[in-house]
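Visitor: I have a structure I would like to understand better, so I am pasting it below and will then ask my questions one at a time.
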Amino acid sequence: NLGEFTKTAGTDAAQFALTGFKLGLGIAADITLAGWDTHGNHDAAIPALFNNLYNTLGALWYFAEQLGIADRLVVNIASDFGRTPFYNSGMGKDHWIYGSQVIMKSQVNWTNRTVGASDDGHVAVKINPTTLQSDNTGMVITPAHIHLGLRDLLGIANSPSAAQFDLKVD
């Protein structure tokens, strides 16, 4: 039962991963939703892609609640790159150095906010690392910063495994 969500390949993967978590057979999963590489006809493709993402995330949290593990779930929605803020000749969007990530966790006080920003040209804006507000003397948040934060959240920042994969940040 998916509740109000539509069955997709992503919802199947979510159910499979969460069942493995519940049974103690796994602690992490990578669920890939294809089709986001919209070099052509970007605007025509995006509504269905976001609908698939909505159904996958909704089902993921629905299943986590049903299995009693939602309080232990951390979800990181990310891509390996962003999309240009302008269209190419095929009405698509090409690869862009700047992207975004969404971190989801239930029942924590840091949810429902945005950290970081971009300017009108979709270029990252520096922020103050303490206040998290725009600040020309601050820093640009990188994927390394986000992953260091995730390591802290998961309690593995000082583990031997984390030491093998140093994340360089300024």
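Ordering of the structure tokens sets the chain letters (A, B, ...), residue numbers begin anew at 1 in every chain, and ligands are numbered from 1 in the order given.
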Trp36 in chain A: which residues within 12 Å, counting only C-alpha atoms, same-chain residues fewer than 5 positions away excluded, as a list in words?

Guide: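 What passes the distance filter is Asn41, His42, Asp43, Ala44, Ala45, Ile46, Pro47, Ala48, Leu49, Phe50, Asn52, Leu53, Ala78, Ser79, Asp80, Phe81, Gly82, Arg83, Gly92, Lys93, Asp94 and His95 of chain A.
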
Visitor: Which one of A:Phe21, A:Tyr98, A:Phe5, A:Tyr87 sits closest to Thr56 in chain A if you count only C-alpha atoms?

Guide: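 Under the stated criterion, the closest residue is A:Phe5.
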
Visitor: So that I can check the surroundings of range 110-124 of chain A, please list as a VMD selection string every protein, DNA and RNA residue that reaches within 7 Å of it, counting only C-alpha atoms and ignoring chain neighbours fewer than 5 positions away.

Guide: chain A and resid 85 98 132 140 to 141

Visitor: Produce a file of the selected residues containing N, CA, C and O atoms, as a JSON list (two decimals), in the first residue's frame.

Guide:
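Output contents, as saved in again10.json:
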[["chain", "number", "residue", "atom", "x", "y", "z"],
["A", 85, "PRO", "N", 21.13, 28.16, -15.88],
["A", 85, "PRO", "CA", 19.96, 29.01, -15.69],
["A", 85, "PRO", "C", 19.39, 29.51, -17.02],
["A", 85, "PRO", "O", 18.41, 30.24, -17.04],
["A", 98, "TYR", "N", 27.08, 24.85, -10.35],
["A", 98, "TYR", "CA", 26.34, 25.06, -9.11],
["A", 98, "TYR", "C", 25.09, 24.20, -9.07],
["A", 98, "TYR", "O", 24.36, 24.10, -10.04],
["A", 132, "LEU", "N", 24.66, 31.92, 8.72],
["A", 132, "LEU", "CA", 24.11, 31.31, 7.50],
["A", 132, "LEU", "C", 23.40, 32.33, 6.61],
["A", 132, "LEU", "O", 22.60, 31.97, 5.76],
["A", 140, "VAL", "N", 31.54, 30.07, 0.26],
["A", 140, "VAL", "CA", 30.56, 29.38, -0.58],
["A", 140, "VAL", "C", 30.42, 27.96, -0.05],
["A", 140, "VAL", "O", 31.43, 27.27, 0.18],
["A", 141, "ILE", "N", 29.21, 27.52, 0.16],
["A", 141, "ILE", "CA", 28.97, 26.14, 0.60],
["A", 141, "ILE", "C", 29.23, 25.21, -0.58],
["A", 141, "ILE", "O", 28.72, 25.43, -1.67]]

Visitor: Write out as a list in words all residues of range 28-119 of chain A that backbone DSSP assigns to helix (DSSP H, G or I).

Guide: His42, Asp43, Ala44, Ala45, Ile46, Pro47, Ala48, Leu49, Phe50, Asn51, Asn52, Leu53, Tyr54, Asn55, Thr56, Leu57, Gly58, Ala59, Leu60, Trp61, Tyr62, Phe63, Ala64, Glu65, Gln66, Leu67, Ala70, Asp71 and Arg72 of chain A

Visitor: When you look at Leu167 in chain A with a cut-off of 9 Å (counting only C-alpha atoms), what residues show up, excluding the ones that are within fewer than 3 positions of it in the same chain? I need them as a ChimeraX atom specification.

Guide: /A:144-145,147-148,162-163

Visitor: Would you output that residue set with N, CA and C atoms, as a PDB file, in the first residue's frame?

Guide:
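The result, written out as out27.pdb:
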ATOM      1  N   ALA A 144      31.353  19.279  -0.285  1.00  0.00           N
ATOM      2  CA  ALA A 144      32.204  18.780   0.810  1.00  0.00           C
ATOM      3  C   ALA A 144      31.693  19.277   2.158  1.00  0.00           C
ATOM      4  N   HIS A 145      31.297  20.548   2.240  1.00  0.00           N
ATOM      5  CA  HIS A 145      30.742  21.074   3.498  1.00  0.00           C
ATOM      6  C   HIS A 145      29.489  20.302   3.906  1.00  0.00           C
ATOM      7  N   HIS A 147      28.629  17.262   3.078  1.00  0.00           N
ATOM      8  CA  HIS A 147      28.944  15.885   3.479  1.00  0.00           C
ATOM      9  C   HIS A 147      29.667  15.829   4.818  1.00  0.00           C
ATOM     10  N   LEU A 148      30.462  16.844   5.142  1.00  0.00           N
ATOM     11  CA  LEU A 148      31.030  16.906   6.484  1.00  0.00           C
ATOM     12  C   LEU A 148      29.928  17.049   7.522  1.00  0.00           C
ATOM     13  N   ALA A 162      35.861   7.559   7.678  1.00  0.00           N
ATOM     14  CA  ALA A 162      35.840   8.953   7.256  1.00  0.00           C
ATOM     15  C   ALA A 162      37.264   9.470   7.058  1.00  0.00           C
ATOM     16  N   ALA A 163      38.190   9.027   7.892  1.00  0.00           N
ATOM     17  CA  ALA A 163      39.584   9.468   7.764  1.00  0.00           C
ATOM     18  C   ALA A 163      40.202   9.036   6.438  1.00  0.00           C
TER      19      ALA A 163
END

Visitor: Which is closer to Gly58 in chain A than all the others in A:Gly10, A:Gly26, A:Pro160, A:Gly99, using only C-alpha atoms?

Guide: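 So, comparing all the options, the nearest one is A:Gly10.
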
Visitor: Quick check for you: according to DSSP on this backbone, which residues of chain A are classed as strand (DSSP E)? Reply as an MDAnalysis selection string.

Guide: chainID A and resid 74:77 82:83 95:96 102:105 117:118 124:125

Visitor: Identify which of the residues A:Leu153, A:Val74, A:Val169, A:Leu23 lies closest to Met139 in chain A, counting only C-alpha atoms when measuring atom-to-atom distances.

Guide: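 Among A:Leu153, A:Val74, A:Val169, A:Leu23, it is A:Val169 that comes nearest to Met139 in chain A.
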
Visitor: Between CA of Ser106 in chain A and CA of Ala157 in chain A, what distance in Å does the model show, to one decimal?

Guide: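 Taking CA of Ser106 in chain A and CA of Ala157 in chain A, their separation equals 21.1 Å.
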
Visitor: Residues at most 12 Å from Asn55 in chain A, counting only C-alpha atoms, excluding those fewer than 6 positions away in the same chain, as a list in words?

Guide: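 Here the qualifying residues turn out to be Leu2, Gly3, Glu4, Phe5, Thr6, Lys7, Thr8, Ala9, Gly10, Thr11, Asp12, Ala13, Ala14, Leu33, Ala48, Leu49, Trp61, Tyr62 and Phe63 of chain A.
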
Visitor: So the first atom is CA of Phe16 in chain A and the second is CA of Asp152 in chain A; what is the distance between them in Å, to one decimal place?

Guide: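 Spanning CA of Phe16 in chain A to CA of Asp152 in chain A is a straight-line distance of 26.6 Å.
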
Visitor: Of the candidates A:Asn128, A:Thr84, A:Asn158, A:Asn76, which shows the shortest atom-to-atom distance to Met104 in chain A, using only C-alpha atoms?

Guide: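 Distance minimum relative to Met104 in chain A lands on A:Asn76.
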